[in-house]
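J.: One structure is given below, represented as C-alpha coordinates, and several questions about it will come after.
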Amino acid sequence: MSANRWDPKARKPPAGFAYLAPVLSALENELRDKVRESNAGKRNTESMWPVQQINWQRSRYVYDMYYTYGKISKKVYDYCIKNKLVDAALIAKWKKPGYERLCSTYVINPSNYKFGTTSICRVPLKDRSPEQMNAMDPTTGCRGCASGEGQPRNIFGNKYGQNLAAVQVAREKRMEQLERKRQREEEDEQSDERDKRYAGGEEGDSETDDDSDDDDYGPAPAAGIWASGNKLQEESERLAEEAGKVDANEEDNDEGDDDDDAQVQPKKKVKAS
(Lines give C-alpha, C1' and ligand atoms only; values in the text may rest on other atoms or scores of the structure.)
Protein backbone atom coordinates (compact mmCIF):
# COMPACT_ATOMS: atom_id res chain seq x y z
CA MET A 1 0.00 0.00 0.00
CA SER A 2 1.24 3.43 -0.83
CA ALA A 3 1.80 5.62 2.20
CA ASN A 4 -0.41 8.25 0.61
CA ARG A 5 -2.79 7.53 -2.26
CA TRP A 6 -2.80 11.11 -3.51
CA ASP A 7 0.56 12.69 -2.72
CA PRO A 8 3.55 10.97 -4.35
CA LYS A 9 5.87 13.17 -2.30
CA ALA A 10 4.46 12.09 1.03
CA ARG A 11 6.89 11.63 3.87
CA LYS A 12 8.14 8.24 4.88
CA PRO A 13 5.74 6.60 7.36
CA PRO A 14 6.86 6.76 11.01
CA ALA A 15 7.96 3.72 12.95
CA GLY A 16 4.97 1.56 13.86
CA PHE A 17 2.97 2.24 10.71
CA ALA A 18 3.86 -1.26 9.48
CA TYR A 19 1.54 -2.59 12.19
CA LEU A 20 -1.44 -1.04 10.39
CA ALA A 21 -0.22 -1.46 6.82
CA PRO A 22 -1.56 -5.01 6.11
CA VAL A 23 -5.12 -4.13 7.10
CA LEU A 24 -5.08 -0.75 5.39
CA SER A 25 -3.74 -2.37 2.22
CA ALA A 26 -6.45 -5.04 2.30
CA LEU A 27 -9.15 -2.39 2.70
CA GLU A 28 -7.68 -0.35 -0.13
CA ASN A 29 -7.75 -3.39 -2.43
CA GLU A 30 -11.29 -4.23 -1.30
CA LEU A 31 -12.45 -0.71 -2.09
CA ARG A 32 -10.84 -0.86 -5.52
CA ASP A 33 -12.57 -4.16 -6.31
CA LYS A 34 -15.96 -2.86 -5.15
CA VAL A 35 -15.67 0.25 -7.30
CA ARG A 36 -14.97 -1.91 -10.33
CA GLU A 37 -17.93 -4.22 -9.71
CA SER A 38 -20.97 -4.06 -11.92
CA ASN A 39 -23.95 -2.13 -10.54
CA ALA A 40 -26.49 -4.19 -12.42
CA GLY A 41 -29.58 -4.85 -10.33
CA LYS A 42 -28.61 -2.29 -7.68
CA ARG A 43 -30.08 1.07 -6.83
CA ASN A 44 -27.89 4.10 -7.46
CA THR A 45 -27.41 4.74 -3.76
CA GLU A 46 -26.91 1.06 -2.95
CA SER A 47 -23.93 0.87 -5.30
CA MET A 48 -22.16 3.40 -3.06
CA TRP A 49 -22.68 1.45 0.16
CA PRO A 50 -19.30 -0.34 0.05
CA VAL A 51 -17.50 2.99 -0.40
CA GLN A 52 -19.20 4.52 2.63
CA GLN A 53 -18.84 1.38 4.73
CA ILE A 54 -15.17 0.75 3.95
CA ASN A 55 -14.43 4.39 4.74
CA TRP A 56 -16.09 3.88 8.13
CA GLN A 57 -14.26 0.61 8.80
CA ARG A 58 -10.84 1.98 7.86
CA SER A 59 -11.30 5.07 10.02
CA ARG A 60 -12.64 3.04 12.92
CA TYR A 61 -9.70 0.66 12.72
CA VAL A 62 -7.10 3.42 13.10
CA TYR A 63 -9.19 5.26 15.71
CA ASP A 64 -9.56 2.17 17.92
CA MET A 65 -5.93 1.15 17.53
CA TYR A 66 -4.92 4.50 18.98
CA TYR A 67 -7.65 5.53 21.42
CA THR A 68 -9.07 2.17 22.53
CA TYR A 69 -6.17 -0.30 22.48
CA GLY A 70 -3.10 1.97 22.42
CA LYS A 71 -1.40 -0.16 19.79
CA ILE A 72 -0.01 2.75 17.76
CA SER A 73 1.78 5.96 18.65
CA LYS A 74 0.55 9.52 18.31
CA LYS A 75 2.92 9.98 15.35
CA VAL A 76 1.35 7.09 13.45
CA TYR A 77 -2.15 8.33 14.22
CA ASP A 78 -1.32 11.89 13.14
CA TYR A 79 0.33 10.53 9.99
CA CYS A 80 -2.87 8.73 9.01
CA ILE A 81 -4.91 11.89 9.63
CA LYS A 82 -2.53 14.20 7.78
CA ASN A 83 -2.23 11.93 4.75
CA LYS A 84 -6.00 11.37 4.56
CA LEU A 85 -5.79 7.64 5.12
CA VAL A 86 -8.82 8.02 7.40
CA ASP A 87 -11.86 10.29 7.58
CA ALA A 88 -10.78 13.05 9.99
CA ALA A 89 -14.22 14.69 10.07
CA LEU A 90 -15.90 11.41 11.04
CA ILE A 91 -13.31 10.69 13.73
CA ALA A 92 -13.86 14.15 15.19
CA LYS A 93 -17.57 13.34 15.59
CA TRP A 94 -16.82 10.05 17.36
CA LYS A 95 -15.17 12.02 20.16
CA LYS A 96 -18.44 13.78 20.98
CA PRO A 97 -21.15 12.26 23.21
CA GLY A 98 -23.96 10.70 21.22
CA TYR A 99 -21.89 10.23 18.08
CA GLU A 100 -19.58 7.40 19.20
CA ARG A 101 -20.96 4.99 16.56
CA LEU A 102 -21.78 7.46 13.78
CA CYS A 103 -21.64 5.82 10.35
CA SER A 104 -21.05 8.94 8.26
CA THR A 105 -21.15 12.70 8.57
CA TYR A 106 -23.66 12.66 5.69
CA VAL A 107 -26.46 11.22 7.84
CA ILE A 108 -26.40 14.09 10.37
CA ASN A 109 -26.51 16.91 7.82
CA PRO A 110 -30.10 18.25 7.82
CA SER A 111 -29.70 19.64 4.31
CA ASN A 112 -29.48 16.08 2.98
CA TYR A 113 -32.97 15.11 4.21
CA LYS A 114 -36.49 16.39 3.97
CA PHE A 115 -37.89 18.70 6.62
CA GLY A 116 -34.39 19.44 7.96
CA THR A 117 -34.11 16.16 9.88
CA THR A 118 -31.44 13.45 10.04
CA SER A 119 -31.30 9.87 8.80
CA ILE A 120 -33.43 7.04 10.17
CA CYS A 121 -30.25 5.29 11.28
CA ARG A 122 -29.79 7.99 13.93
CA VAL A 123 -33.08 7.05 15.58
CA PRO A 124 -32.62 4.50 18.41
CA LEU A 125 -34.41 1.20 17.85
CA LYS A 126 -36.50 1.70 20.99
CA ASP A 127 -37.94 4.89 19.49
CA ARG A 128 -38.84 3.41 16.10
CA SER A 129 -42.20 2.16 14.99
CA PRO A 130 -42.57 -1.55 14.10
CA GLU A 131 -42.43 -0.66 10.40
CA GLN A 132 -39.11 1.13 10.88
CA MET A 133 -37.26 -1.55 12.85
CA ASN A 134 -35.43 -2.88 9.79
CA ALA A 135 -35.06 0.45 8.03
CA MET A 136 -31.61 1.43 6.73
CA ASP A 137 -30.11 4.68 5.58
CA PRO A 138 -30.36 4.74 1.77
CA THR A 139 -26.93 6.35 1.35
CA THR A 140 -24.76 4.30 3.71
CA GLY A 141 -26.78 1.14 4.34
CA CYS A 142 -26.52 1.72 8.09
CA ARG A 143 -29.05 -0.14 10.26
CA GLY A 144 -28.57 2.03 13.33
CA CYS A 145 -25.62 4.06 14.62
CA ALA A 146 -27.26 5.82 17.55
CA SER A 147 -25.54 5.53 20.91
CA GLY A 148 -26.94 3.62 23.85
CA GLU A 149 -28.00 0.08 24.65
CA GLY A 150 -30.13 -2.07 22.41
CA GLN A 151 -28.47 -0.93 19.21
CA PRO A 152 -27.13 -3.38 16.59
CA ARG A 153 -23.51 -4.32 17.26
CA ASN A 154 -22.74 -4.45 13.56
CA ILE A 155 -24.19 -1.24 12.15
CA PHE A 156 -24.04 -2.48 8.55
CA GLY A 157 -24.86 -6.14 9.14
CA ASN A 158 -21.93 -7.35 7.02
CA LYS A 159 -18.17 -7.73 7.21
CA TYR A 160 -17.65 -3.99 6.76
CA GLY A 161 -19.36 -3.40 10.09
CA GLN A 162 -16.88 -5.54 11.99
CA ASN A 163 -14.49 -3.90 14.42
CA LEU A 164 -11.18 -4.81 12.77
CA ALA A 165 -9.09 -3.50 15.65
CA ALA A 166 -10.86 -5.85 18.06
CA VAL A 167 -10.54 -8.69 15.55
CA GLN A 168 -6.80 -8.15 15.27
CA VAL A 169 -6.33 -7.87 19.03
CA ALA A 170 -8.36 -11.07 19.56
CA ARG A 171 -6.19 -12.90 17.03
CA GLU A 172 -3.02 -11.68 18.70
CA LYS A 173 -4.24 -12.84 22.11
CA ARG A 174 -5.13 -16.23 20.67
CA MET A 175 -1.70 -16.58 19.04
CA GLU A 176 -0.05 -15.74 22.37
CA GLN A 177 -2.12 -18.42 24.09
CA LEU A 178 -1.19 -21.00 21.46
CA GLU A 179 2.49 -20.06 21.72
CA ARG A 180 2.45 -20.46 25.50
CA LYS A 181 0.68 -23.79 25.12
CA ARG A 182 3.27 -24.96 22.61
CA GLN A 183 6.11 -23.97 24.91
CA ARG A 184 4.54 -25.82 27.85
CA GLU A 185 4.10 -28.93 25.71
CA GLU A 186 7.74 -28.80 24.60
CA GLU A 187 8.87 -28.40 28.20
CA ASP A 188 6.69 -31.34 29.26
CA GLU A 189 8.05 -33.50 26.44
CA GLN A 190 11.64 -32.67 27.37
CA SER A 191 10.90 -33.41 31.01
CA ASP A 192 9.34 -36.76 30.09
CA GLU A 193 12.33 -37.68 27.94
CA ARG A 194 14.73 -36.92 30.79
CA ASP A 195 12.66 -39.00 33.20
CA LYS A 196 12.63 -41.91 30.78
CA ARG A 197 16.37 -41.72 30.24
CA TYR A 198 17.00 -41.69 33.97
CA ALA A 199 14.56 -44.54 34.53
CA GLY A 200 15.96 -46.53 31.61
CA GLY A 201 12.50 -47.24 30.33
CA GLU A 202 11.41 -47.57 26.75
CA GLU A 203 9.63 -44.82 25.00
CA GLY A 204 6.05 -45.59 24.27
CA ASP A 205 3.38 -43.90 22.30
CA SER A 206 2.92 -40.49 23.83
CA GLU A 207 -0.57 -39.11 24.10
CA THR A 208 -0.85 -35.50 23.09
CA ASP A 209 -3.74 -33.14 23.31
CA ASP A 210 -5.68 -32.54 20.18
CA ASP A 211 -4.74 -29.04 19.03
CA SER A 212 -7.74 -28.84 16.76
CA ASP A 213 -9.76 -26.88 19.28
CA ASP A 214 -12.14 -25.92 16.51
CA ASP A 215 -11.84 -22.36 17.76
CA ASP A 216 -13.24 -21.05 14.49
CA TYR A 217 -10.98 -18.03 14.69
CA GLY A 218 -10.76 -17.76 10.94
CA PRO A 219 -7.75 -17.15 8.73
CA ALA A 220 -4.66 -15.23 9.76
CA PRO A 221 -4.53 -11.53 8.82
CA ALA A 222 -2.31 -12.36 5.85
CA ALA A 223 -5.17 -14.34 4.33
CA GLY A 224 -8.12 -12.25 5.49
CA ILE A 225 -8.59 -9.31 7.83
CA TRP A 226 -12.24 -9.97 8.63
CA ALA A 227 -13.55 -12.42 11.18
CA SER A 228 -14.75 -15.42 9.20
CA GLY A 229 -15.72 -17.47 12.24
CA ASN A 230 -18.47 -16.93 14.78
CA LYS A 231 -16.17 -17.38 17.76
CA LEU A 232 -13.76 -14.69 16.59
CA GLN A 233 -16.66 -12.32 15.92
CA GLU A 234 -18.02 -12.92 19.42
CA GLU A 235 -14.60 -12.44 21.01
CA SER A 236 -13.95 -9.23 19.08
CA GLU A 237 -17.39 -7.88 20.01
CA ARG A 238 -16.71 -8.72 23.65
CA LEU A 239 -13.41 -6.84 23.55
CA ALA A 240 -15.07 -3.86 21.89
CA GLU A 241 -17.81 -3.78 24.55
CA GLU A 242 -15.27 -4.02 27.38
CA ALA A 243 -13.27 -1.16 25.87
CA GLY A 244 -16.42 0.95 25.61
CA LYS A 245 -17.32 0.28 29.25
CA VAL A 246 -13.83 1.23 30.40
CA ASP A 247 -14.03 4.54 28.54
CA ALA A 248 -17.46 5.26 30.03
CA ASN A 249 -16.26 4.45 33.55
CA GLU A 250 -13.24 6.71 33.16
CA GLU A 251 -15.49 9.59 32.10
CA ASP A 252 -17.79 8.97 35.08
CA ASN A 253 -14.83 8.85 37.46
CA ASP A 254 -13.45 12.09 36.10
CA GLU A 255 -16.81 13.79 36.60
CA GLY A 256 -17.06 12.34 40.10
CA ASP A 257 -13.61 13.64 41.02
CA ASP A 258 -14.57 17.09 39.82
CA ASP A 259 -17.73 17.02 41.94
CA ASP A 260 -15.79 15.89 45.00
CA ASP A 261 -13.27 18.67 44.54
CA ALA A 262 -16.09 21.19 44.27
CA GLN A 263 -17.74 19.93 47.46
CA VAL A 264 -14.59 20.09 49.57
CA GLN A 265 -14.55 23.40 51.40
CA PRO A 266 -11.66 24.67 53.53
CA LYS A 267 -12.40 24.43 57.23
CA LYS A 268 -12.42 27.58 59.32
CA LYS A 269 -9.96 27.78 62.13
CA VAL A 270 -11.54 27.88 65.56
CA LYS A 271 -9.77 30.00 68.14
CA ALA A 272 -9.15 28.31 71.43
CA SER A 273 -10.89 30.10 74.29
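A note on labels: chains of the C-alpha coordinates are A, B, ... as shown, every chain counts residues from 1, and ligands are counted from 1 in their shown order.
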If you count only C-alpha atoms, which residues fall within 9 Å of stretch 107-124 of chain A, apart from same-chain ones fewer than 6 positions away, as a list in words?
T.: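 The contact residues come out as Gln132, Ala135, Met136, Asp137, Pro138, Thr139, Thr140, Gly141, Cys142, Arg143, Gly144, Cys145, Ala146, Ser147, Gly148, Glu149, Gly150, Gln151 and Ile155 of chain A.
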J.: Between atom CA of A:Lys93 and atom CA of A:Arg58, what is the distance in Å, rounded to a tenth?
T.: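 Rounded to one decimal, the two atoms are 15.3 Å apart.
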J.: Please, what distance in Å, to one decimal, runs between atom CA of A:Asp87 and atom CA of A:Glu28?
T.: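 Rounded to one decimal, the two atoms are 13.8 Å apart.
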J.: Would you kindly return, as a CSV table (one decimal) with all heavy atoms, in the first residue's frame, each protein, DNA or RNA residue with an atom no farther than 9 Å from any atom of A:Lys159, considering only C-alpha atoms and excluding same-chain residues fewer than 2 positions away?
T.:
chain,number,residue,atom,x,y,z
A,154,ASN,N,-23.3,-4.7,14.9
A,154,ASN,CA,-22.7,-4.4,13.6
A,154,ASN,C,-23.7,-3.5,12.8
A,154,ASN,O,-24.8,-3.9,12.4
A,154,ASN,CB,-22.6,-5.8,12.8
A,154,ASN,CG,-21.9,-5.7,11.5
A,154,ASN,OD1,-22.1,-4.7,10.8
A,154,ASN,ND2,-21.1,-6.7,11.2
A,156,PHE,N,-23.7,-2.2,10.0
A,156,PHE,CA,-24.0,-2.5,8.5
A,156,PHE,C,-24.6,-3.9,8.3
A,156,PHE,O,-25.1,-4.2,7.2
A,156,PHE,CB,-22.8,-2.3,7.7
A,156,PHE,CG,-22.2,-0.9,7.8
A,156,PHE,CD1,-20.9,-0.6,8.1
A,156,PHE,CD2,-23.0,0.2,7.5
A,156,PHE,CE1,-20.4,0.6,8.2
A,156,PHE,CE2,-22.5,1.5,7.6
A,156,PHE,CZ,-21.2,1.7,7.9
A,157,GLY,N,-24.4,-4.8,9.3
A,157,GLY,CA,-24.9,-6.1,9.1
A,157,GLY,C,-24.0,-7.0,8.2
A,157,GLY,O,-24.5,-8.0,7.7
A,161,GLY,N,-19.0,-3.9,8.8
A,161,GLY,CA,-19.4,-3.4,10.1
A,161,GLY,C,-18.6,-4.0,11.2
A,161,GLY,O,-18.8,-3.7,12.4
A,162,GLN,N,-17.7,-4.9,10.9
A,162,GLN,CA,-16.9,-5.5,12.0
A,162,GLN,C,-15.8,-4.6,12.5
A,162,GLN,O,-15.3,-3.7,11.8
A,162,GLN,CB,-16.2,-6.8,11.5
A,162,GLN,CG,-17.1,-7.9,11.1
A,162,GLN,CD,-16.3,-9.1,10.6
A,162,GLN,OE1,-15.1,-9.2,10.7
A,162,GLN,NE2,-17.0,-10.1,10.0
A,163,ASN,N,-15.5,-4.7,13.8
A,163,ASN,CA,-14.5,-3.9,14.4
A,163,ASN,C,-13.1,-4.6,14.2
A,163,ASN,O,-12.8,-5.5,14.9
A,163,ASN,CB,-14.8,-3.8,15.9
A,163,ASN,CG,-13.9,-2.7,16.6
A,163,ASN,OD1,-12.7,-2.7,16.3
A,163,ASN,ND2,-14.5,-1.9,17.4
A,226,TRP,N,-10.9,-9.9,8.0
A,226,TRP,CA,-12.2,-10.0,8.6
A,226,TRP,C,-12.4,-11.3,9.4
A,226,TRP,O,-11.7,-12.3,9.1
A,226,TRP,CB,-13.4,-9.9,7.6
A,226,TRP,CG,-13.4,-8.5,6.9
A,226,TRP,CD1,-14.0,-7.4,7.4
A,226,TRP,CD2,-12.8,-8.2,5.7
A,226,TRP,NE1,-13.8,-6.3,6.5
A,226,TRP,CE2,-13.1,-6.8,5.4
A,226,TRP,CE3,-12.1,-8.9,4.7
A,226,TRP,CZ2,-12.7,-6.1,4.3
A,226,TRP,CZ3,-11.7,-8.2,3.6
A,226,TRP,CH2,-12.0,-6.9,3.4
A,227,ALA,N,-13.3,-11.2,10.4
A,227,ALA,CA,-13.6,-12.4,11.2
A,227,ALA,C,-14.5,-13.3,10.4
A,227,ALA,O,-15.6,-13.0,10.1
A,227,ALA,CB,-14.2,-12.0,12.5
A,228,SER,N,-13.9,-14.5,10.0
A,228,SER,CA,-14.8,-15.4,9.2
A,228,SER,C,-15.5,-16.4,10.1
A,228,SER,O,-16.4,-17.1,9.6
A,228,SER,CB,-13.9,-16.2,8.2
A,228,SER,OG,-12.9,-16.9,8.9
J.: Any idea what the distance is between atom CA of A:Trp94 and atom CA of A:Asn44?
T.: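 That distance, rounded to one decimal, is 27.8 Å.
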